[in-house]
Amino acid sequence: MTKGSNAASETAQNLTIGVLALQGAYDAHAQTLRKLGATPKLVRLPSDLQGLDGLIMPGGESTTMLKFLEQRGFFDVLKDFTHTTPTFGTCAGVILLANDVTNPAQKSLGALDVTVERNSYGRQIDSTIVETESSLPGGPLEMVFIRAPRITRTGAGVETLATRGQDPVLVREGHLLAATFHPELGHDTRIHQLFLDMAARHKSRS
Ligand code: GLN
């Protein structure tokens with residue numbers, strides 16, 4: 001069943017949203033953004049971040065993405081961007097956004113006040129689908145976890161919007177949204193719509 005509106009929403013129409021396209025599951029994010037009426041732009045160079053209303057950092061392999069980011073000063077430019085402009089991290093994207101990373105420790109952008117433990121859900125359930133209620137209206141969310149990180153600490157300013165057991169799996173802090181699962185897989189567009197609403201609000205204020 002398709003959840004969330006497929007109609008291009010008015011708020012999304014003037015938004016240009018970057019999708020970090022160094023590695024990983026960026027294409028499905030771009031398609032979902034298009035479906036919702038926003039204009040996706042693949043981001044491969046630091047200069048591609050200019051003029052964006054928001055950015056999605058997809059799932060994939062955070063260590064590989066870091067290697068690309070360490071070239072041409074990309075890491076520092078992205079750090080400034082994520083500290084000021086709406087950014088939505090999914091899976092590996094959350095690992096990059098986090099303040100602290102464990103298992104093992106690795107460099108991160110320090111934008112989102114959480115600690116994440118990489119590959120934390122054990123081998124036999126590396127990949128699984130969980131259906132659960134969340135703070136989003138419209139019924140249960142279907143959440144696809146692929147070698148997912150676990151959020152093991154949330155700072156005081158972090159709001160939890162969905163959990164898997166005791167673990168926060170969808171969180172928001174100011175202009176940042178983070179999902180440890182893959183909302184771009186499947187037909188439910190509610191989380192992307194939430195991010196577009198955040199980006200539209202941010203744009204109207206600045
Ligand atoms: N295991 C990956 C990492 O540690 C994340 C997995 C994903 O993004 N689906 O970077």
# chains A, B, ... in the order shown; residues from 1 in each chain; ligands from 1

call {"tool": "select_by_dssp", "arguments": {"residues": "segment 91-172 of chain A", "states": "strand (DSSP E or B)", "output": "number ranges by chain"}}
result
A: 98-102, 112-117, 127-132, 141-146, 150-154, 159-164, 167-172

call {"tool": "write_last_selection", "arguments": {"atoms": "N, CA, C and O atoms", "output": "short mmCIF file (atom, residue, chain, number, x, y, z; two decimals), in the first residue's frame"}}
result
data_model
loop_
_atom_site.label_atom_id
_atom_site.label_comp_id
_atom_site.auth_asym_id
_atom_site.auth_seq_id
_atom_site.Cartn_x
_atom_site.Cartn_y
_atom_site.Cartn_z
N ALA A 98 26.65 11.98 13.04
CA ALA A 98 26.67 11.84 14.50
C ALA A 98 27.81 12.60 15.17
O ALA A 98 28.84 12.88 14.57
N ASN A 99 27.61 12.88 16.45
CA ASN A 99 28.71 13.45 17.26
C ASN A 99 29.78 12.40 17.55
O ASN A 99 30.96 12.70 17.53
N ASP A 100 29.32 11.18 17.88
CA ASP A 100 30.26 10.12 18.26
C ASP A 100 29.89 8.82 17.58
O ASP A 100 28.71 8.47 17.49
N VAL A 101 30.92 8.09 17.13
CA VAL A 101 30.73 6.81 16.45
C VAL A 101 31.56 5.75 17.19
O VAL A 101 32.72 6.00 17.54
N THR A 102 30.96 4.59 17.41
CA THR A 102 31.68 3.48 18.05
C THR A 102 31.59 2.24 17.17
O THR A 102 30.81 2.18 16.23
N LEU A 112 24.86 16.07 14.64
CA LEU A 112 23.69 15.53 15.35
C LEU A 112 24.16 14.96 16.69
O LEU A 112 25.07 14.13 16.74
N ASP A 113 23.49 15.41 17.76
CA ASP A 113 23.95 15.05 19.10
C ASP A 113 23.50 13.64 19.51
O ASP A 113 22.65 13.47 20.36
N VAL A 114 24.07 12.66 18.83
CA VAL A 114 23.81 11.25 19.17
C VAL A 114 25.13 10.48 19.13
O VAL A 114 26.09 10.92 18.50
N THR A 115 25.13 9.32 19.80
CA THR A 115 26.22 8.36 19.62
C THR A 115 25.65 7.19 18.84
O THR A 115 24.53 6.73 19.14
N VAL A 116 26.37 6.71 17.83
CA VAL A 116 25.90 5.55 17.08
C VAL A 116 26.94 4.43 17.12
O VAL A 116 28.14 4.69 17.05
N GLU A 117 26.42 3.23 17.21
CA GLU A 117 27.29 2.05 17.16
C GLU A 117 27.07 1.39 15.80
O GLU A 117 25.94 1.01 15.46
N SER A 127 19.86 -7.61 8.23
CA SER A 127 18.87 -6.94 7.41
C SER A 127 17.50 -7.47 7.80
O SER A 127 17.29 -8.67 7.84
N THR A 128 16.59 -6.56 8.11
CA THR A 128 15.27 -6.99 8.52
C THR A 128 14.25 -5.87 8.31
O THR A 128 14.64 -4.70 8.18
N ILE A 129 12.98 -6.25 8.24
CA ILE A 129 11.94 -5.24 8.08
C ILE A 129 11.11 -5.21 9.35
O ILE A 129 10.66 -6.26 9.83
N VAL A 130 10.93 -4.04 9.92
CA VAL A 130 10.15 -3.89 11.15
C VAL A 130 9.00 -2.94 10.85
O VAL A 130 9.17 -1.93 10.17
N GLU A 131 7.80 -3.29 11.35
CA GLU A 131 6.66 -2.38 11.19
C GLU A 131 6.25 -1.87 12.54
O GLU A 131 6.02 -2.65 13.46
N THR A 132 6.18 -0.55 12.69
CA THR A 132 5.84 -0.03 14.01
C THR A 132 5.16 1.34 13.91
O THR A 132 5.33 2.05 12.93
N LEU A 141 4.82 2.57 10.32
CA LEU A 141 5.90 2.77 9.36
C LEU A 141 6.54 1.43 9.08
O LEU A 141 6.76 0.64 10.00
N GLU A 142 6.87 1.19 7.80
CA GLU A 142 7.64 -0.01 7.46
C GLU A 142 9.11 0.40 7.39
O GLU A 142 9.46 1.28 6.61
N MET A 143 9.93 -0.23 8.19
CA MET A 143 11.32 0.21 8.28
C MET A 143 12.25 -0.92 7.84
O MET A 143 12.24 -2.00 8.41
N VAL A 144 13.06 -0.64 6.83
CA VAL A 144 14.00 -1.63 6.28
C VAL A 144 15.39 -1.34 6.87
O VAL A 144 15.96 -0.27 6.63
N PHE A 145 15.90 -2.30 7.64
CA PHE A 145 17.22 -2.14 8.25
C PHE A 145 18.25 -2.97 7.50
O PHE A 145 18.04 -4.18 7.31
N ILE A 146 19.33 -2.36 7.07
CA ILE A 146 20.40 -3.09 6.36
C ILE A 146 21.73 -2.78 7.05
O ILE A 146 22.22 -1.66 6.99
N ARG A 150 23.11 1.46 15.50
CA ARG A 150 22.17 1.65 16.61
C ARG A 150 22.48 3.00 17.28
O ARG A 150 23.64 3.31 17.55
N ILE A 151 21.44 3.77 17.51
CA ILE A 151 21.63 5.02 18.26
C ILE A 151 21.65 4.65 19.74
O ILE A 151 20.65 4.19 20.29
N THR A 152 22.79 4.81 20.39
CA THR A 152 22.94 4.37 21.78
C THR A 152 22.85 5.52 22.77
O THR A 152 22.80 5.31 23.97
N ARG A 153 22.85 6.76 22.27
CA ARG A 153 22.68 7.93 23.15
C ARG A 153 22.06 9.04 22.34
O ARG A 153 22.42 9.24 21.18
N THR A 154 21.10 9.74 22.93
CA THR A 154 20.57 10.94 22.28
C THR A 154 20.76 12.12 23.22
O THR A 154 20.50 12.01 24.42
N GLU A 159 14.84 14.76 19.48
CA GLU A 159 13.47 14.25 19.62
C GLU A 159 13.39 12.89 18.92
O GLU A 159 13.81 12.77 17.77
N THR A 160 12.85 11.89 19.62
CA THR A 160 12.71 10.56 19.01
C THR A 160 11.32 10.43 18.39
O THR A 160 10.31 10.60 19.06
N LEU A 161 11.27 10.13 17.08
CA LEU A 161 9.99 10.03 16.37
C LEU A 161 9.55 8.59 16.15
O LEU A 161 8.38 8.33 15.88
N ALA A 162 10.49 7.65 16.19
CA ALA A 162 10.14 6.22 16.06
C ALA A 162 11.21 5.39 16.76
O ALA A 162 12.38 5.80 16.82
N THR A 163 10.79 4.24 17.27
CA THR A 163 11.74 3.36 17.96
C THR A 163 11.62 1.94 17.42
O THR A 163 10.59 1.54 16.87
N ARG A 164 12.71 1.19 17.60
CA ARG A 164 12.69 -0.26 17.35
C ARG A 164 13.03 -0.87 18.70
O ARG A 164 14.17 -0.73 19.15
N ASP A 167 15.28 1.24 21.07
CA ASP A 167 16.23 2.10 20.36
C ASP A 167 15.55 3.15 19.51
O ASP A 167 14.68 2.83 18.70
N PRO A 168 16.00 4.41 19.63
CA PRO A 168 15.50 5.42 18.69
C PRO A 168 15.98 5.07 17.29
O PRO A 168 17.16 4.72 17.11
N VAL A 169 15.10 5.13 16.30
CA VAL A 169 15.51 4.83 14.92
C VAL A 169 15.18 5.96 13.94
O VAL A 169 15.70 6.00 12.83
N LEU A 170 14.31 6.88 14.38
CA LEU A 170 14.02 8.08 13.60
C LEU A 170 14.06 9.25 14.58
O LEU A 170 13.28 9.27 15.54
N VAL A 171 15.00 10.16 14.37
CA VAL A 171 15.16 11.27 15.33
C VAL A 171 15.28 12.59 14.59
O VAL A 171 15.67 12.63 13.41
N ARG A 172 14.96 13.66 15.32
CA ARG A 172 15.06 15.01 14.75
C ARG A 172 15.74 15.92 15.78
O ARG A 172 15.44 15.84 16.98
#

call {"tool": "residues_around", "arguments": {"residues": "segment 30-35 of chain A", "least_positions_apart": "6", "cutoff": "12 Å", "atoms": "only C-alpha atoms", "output": "NGL selection string"}}
result
:A and (4-9 or 12-21 or 41-43 or 54-58 or 183-196)

call {"tool": "write_last_selection", "arguments": {"atoms": "N, CA and C atoms", "output": "tab-separated table (two decimals), in the first residue's frame"}}
result
chain	number	residue	atom	x	y	z
A	4	GLY	N	1.37	8.10	2.42
A	4	GLY	CA	1.90	9.42	2.14
A	4	GLY	C	1.36	9.87	0.80
A	5	SER	N	1.32	11.16	0.61
A	5	SER	CA	0.75	11.69	-0.61
A	5	SER	C	1.75	11.61	-1.75
A	6	ASN	N	1.30	11.16	-2.89
A	6	ASN	CA	2.17	11.16	-4.06
A	6	ASN	C	2.03	12.44	-4.86
A	7	ALA	N	1.02	13.21	-4.50
A	7	ALA	CA	0.82	14.45	-5.22
A	7	ALA	C	1.95	15.40	-4.87
A	8	ALA	N	2.48	16.07	-5.89
A	8	ALA	CA	3.55	17.03	-5.64
A	8	ALA	C	2.99	18.12	-4.72
A	9	SER	N	3.54	18.25	-3.55
A	9	SER	CA	3.00	19.22	-2.61
A	9	SER	C	3.51	20.61	-2.97
A	12	ALA	N	6.92	21.60	-1.63
A	12	ALA	CA	8.11	20.95	-2.20
A	12	ALA	C	8.53	21.58	-3.51
A	13	GLN	N	7.60	22.29	-4.15
A	13	GLN	CA	7.84	22.66	-5.54
A	13	GLN	C	9.02	23.60	-5.79
A	14	ASN	N	9.31	24.43	-4.82
A	14	ASN	CA	10.43	25.35	-5.03
A	14	ASN	C	11.72	24.89	-4.38
A	15	LEU	N	11.73	23.64	-3.94
A	15	LEU	CA	12.89	23.18	-3.18
A	15	LEU	C	13.87	22.39	-4.05
A	16	THR	N	15.14	22.75	-3.95
A	16	THR	CA	16.20	21.95	-4.58
A	16	THR	C	16.94	21.24	-3.45
A	17	ILE	N	16.89	19.92	-3.50
A	17	ILE	CA	17.46	19.12	-2.42
A	17	ILE	C	18.62	18.29	-2.98
A	18	GLY	N	19.78	18.45	-2.38
A	18	GLY	CA	20.94	17.66	-2.79
A	18	GLY	C	20.85	16.24	-2.26
A	19	VAL	N	21.41	15.32	-3.00
A	19	VAL	CA	21.56	13.94	-2.52
A	19	VAL	C	23.04	13.59	-2.66
A	20	LEU	N	23.69	13.35	-1.55
A	20	LEU	CA	25.12	13.03	-1.58
A	20	LEU	C	25.30	11.74	-2.39
A	21	ALA	N	26.05	11.83	-3.48
A	21	ALA	CA	26.09	10.72	-4.45
A	21	ALA	C	27.51	10.21	-4.63
A	41	LYS	N	19.25	17.11	-6.68
A	41	LYS	CA	20.51	17.42	-7.36
A	41	LYS	C	21.59	16.52	-6.76
A	42	LEU	N	22.21	15.72	-7.59
A	42	LEU	CA	23.26	14.82	-7.08
A	42	LEU	C	24.49	15.64	-6.70
A	43	VAL	N	25.01	15.36	-5.51
A	43	VAL	CA	26.15	16.12	-4.98
A	43	VAL	C	27.39	15.23	-4.99
A	54	GLY	N	18.43	21.87	1.06
A	54	GLY	CA	18.59	20.76	2.00
A	54	GLY	C	19.42	19.68	1.34
A	55	LEU	N	19.77	18.68	2.15
A	55	LEU	CA	20.64	17.61	1.64
A	55	LEU	C	20.22	16.29	2.26
A	56	ILE	N	20.23	15.23	1.45
A	56	ILE	CA	20.04	13.87	1.98
A	56	ILE	C	21.39	13.15	1.90
A	57	MET	N	21.78	12.53	3.01
A	57	MET	CA	22.99	11.70	3.02
A	57	MET	C	22.52	10.25	3.12
A	58	PRO	N	22.71	9.47	2.05
A	58	PRO	CA	22.09	8.15	1.96
A	58	PRO	C	22.82	7.06	2.75
A	183	PRO	N	14.32	4.66	4.49
A	183	PRO	CA	12.96	5.09	4.10
A	183	PRO	C	12.80	5.28	2.60
A	184	GLU	N	13.89	5.25	1.85
A	184	GLU	CA	13.78	5.45	0.39
A	184	GLU	C	13.40	4.14	-0.32
A	185	LEU	N	13.46	3.02	0.41
A	185	LEU	CA	13.06	1.74	-0.18
A	185	LEU	C	11.59	1.53	0.17
A	186	GLY	N	10.78	1.20	-0.80
A	186	GLY	CA	9.36	1.05	-0.52
A	186	GLY	C	8.59	2.29	-0.96
A	187	HIS	N	7.31	2.31	-0.62
A	187	HIS	CA	6.42	3.32	-1.19
A	187	HIS	C	6.00	4.40	-0.21
A	188	ASP	N	6.43	4.29	1.02
A	188	ASP	CA	5.99	5.24	2.04
A	188	ASP	C	6.82	6.52	1.94
A	189	THR	N	6.16	7.61	1.59
A	189	THR	CA	6.91	8.86	1.37
A	189	THR	C	6.81	9.83	2.55
A	190	ARG	N	6.23	9.36	3.66
A	190	ARG	CA	5.96	10.31	4.76
A	190	ARG	C	7.22	10.92	5.36
A	191	ILE	N	8.29	10.14	5.44
A	191	ILE	CA	9.50	10.68	6.10
A	191	ILE	C	10.18	11.71	5.20
A	192	HIS	N	10.22	11.42	3.90
A	192	HIS	CA	10.76	12.42	2.97
A	192	HIS	C	9.90	13.69	2.97
A	193	GLN	N	8.58	13.50	3.06
A	193	GLN	CA	7.70	14.68	3.12
A	193	GLN	C	7.99	15.50	4.36
A	194	LEU	N	8.19	14.81	5.48
A	194	LEU	CA	8.54	15.52	6.72
A	194	LEU	C	9.81	16.34	6.52
A	195	PHE	N	10.80	15.75	5.86
A	195	PHE	CA	12.06	16.47	5.63
A	195	PHE	C	11.82	17.68	4.71
A	196	LEU	N	11.00	17.50	3.68
A	196	LEU	CA	10.72	18.63	2.78
A	196	LEU	C	10.01	19.75	3.54

call {"tool": "residues_around", "arguments": {"residues": "Met65 of chain A", "least_positions_apart": "2", "cutoff": "12 Å", "atoms": "only C-alpha atoms", "output": "PDB file with C-alpha atoms, in the first residue's frame"}}
result
ATOM      1  CA  LEU A  20      25.117  13.027  -1.581  1.00  0.00           C
ATOM      2  CA  ALA A  21      26.092  10.725  -4.447  1.00  0.00           C
ATOM      3  CA  LEU A  22      29.574   9.513  -3.597  1.00  0.00           C
ATOM      4  CA  GLN A  23      28.487   5.923  -2.995  1.00  0.00           C
ATOM      5  CA  GLY A  24      25.438   3.976  -1.824  1.00  0.00           C
ATOM      6  CA  ALA A  25      21.665   4.229  -2.182  1.00  0.00           C
ATOM      7  CA  ARG A  44      29.591  14.842  -5.912  1.00  0.00           C
ATOM      8  CA  MET A  57      22.987  11.702   3.019  1.00  0.00           C
ATOM      9  CA  PRO A  58      22.088   8.148   1.956  1.00  0.00           C
ATOM     10  CA  GLY A  59      22.898   4.687   3.260  1.00  0.00           C
ATOM     11  CA  GLY A  60      25.901   2.807   1.985  1.00  0.00           C
ATOM     12  CA  GLU A  61      29.325   2.336   3.537  1.00  0.00           C
ATOM     13  CA  SER A  62      30.284   5.247   5.769  1.00  0.00           C
ATOM     14  CA  THR A  63      34.007   4.396   5.635  1.00  0.00           C
ATOM     15  CA  LYS A  67      37.447   8.398   1.993  1.00  0.00           C
ATOM     16  CA  PHE A  68      35.827  10.462  -0.759  1.00  0.00           C
ATOM     17  CA  LEU A  69      35.030  13.270   1.657  1.00  0.00           C
ATOM     18  CA  GLU A  70      38.624  13.533   2.742  1.00  0.00           C
ATOM     19  CA  GLN A  71      39.557  14.720  -0.737  1.00  0.00           C
ATOM     20  CA  PHE A  74      34.875  18.187   1.004  1.00  0.00           C
ATOM     21  CA  PHE A  75      34.639  17.100   4.657  1.00  0.00           C
ATOM     22  CA  ALA A  92      25.432   5.393   6.878  1.00  0.00           C
ATOM     23  CA  GLY A  93      24.333   9.040   6.598  1.00  0.00           C
ATOM     24  CA  ILE A  95      26.919   7.621  11.106  1.00  0.00           C
ATOM     25  CA  LEU A  96      28.456  10.545   9.228  1.00  0.00           C
ATOM     26  CA  LYS A 107      35.607  10.503  12.192  1.00  0.00           C
ATOM     27  CA  SER A 108      32.218  12.197  11.814  1.00  0.00           C
TER      28      SER A 108
END

call {"tool": "closest_residue", "arguments": {"among": "A:Ala111, A:Leu177, A:Leu36, A:Leu66", "to": "ligand 1", "atoms": "only C-alpha atoms and all ligand atoms"}}
result
A:Leu66

call {"tool": "select_by_dssp", "arguments": {"residues": "segment 6-177 of chain A", "states": "helix (DSSP H, G or I)", "output": "ChimeraX atom specification"}}
result
/A:11-14,26-35,46-49,62-69,74-84,92-97

call {"tool": "closest_residue", "arguments": {"among": "A:Tyr26, A:Asp48, A:Pro137, A:His83", "to": "ligand 1", "atoms": "only C-alpha atoms and all ligand atoms"}}
result
A:Tyr26

call {"tool": "closest_residue", "arguments": {"among": "A:Ala199, A:His175, A:Pro149, A:Gly155", "to": "ligand 1", "atoms": "only C-alpha atoms and all ligand atoms"}}
result
A:Pro149

call {"tool": "atom_distance", "arguments": {"atom1": "atom CA of Leu45 of chain A", "atom2": "atom CA of His182 of chain A"}}
result
23.8 Å

call {"tool": "atom_distance", "arguments": {"atom1": "atom CA of Cys91 of chain A", "atom2": "atom 3 (C, counted along the ligand's line) of ligand 1"}}
result
7.2 Å

call {"tool": "closest_residue", "arguments": {"among": "A:Ser204, A:Ser134, A:Thr64, A:Thr82", "to": "Gly165 of chain A", "atoms": "only C-alpha atoms"}}
result
A:Ser134

call {"tool": "closest_residue", "arguments": {"among": "A:Thr90, A:Ser135, A:Ser206, A:Gln106", "to": "ligand 1", "atoms": "only C-alpha atoms and all ligand atoms"}}
result
A:Thr90
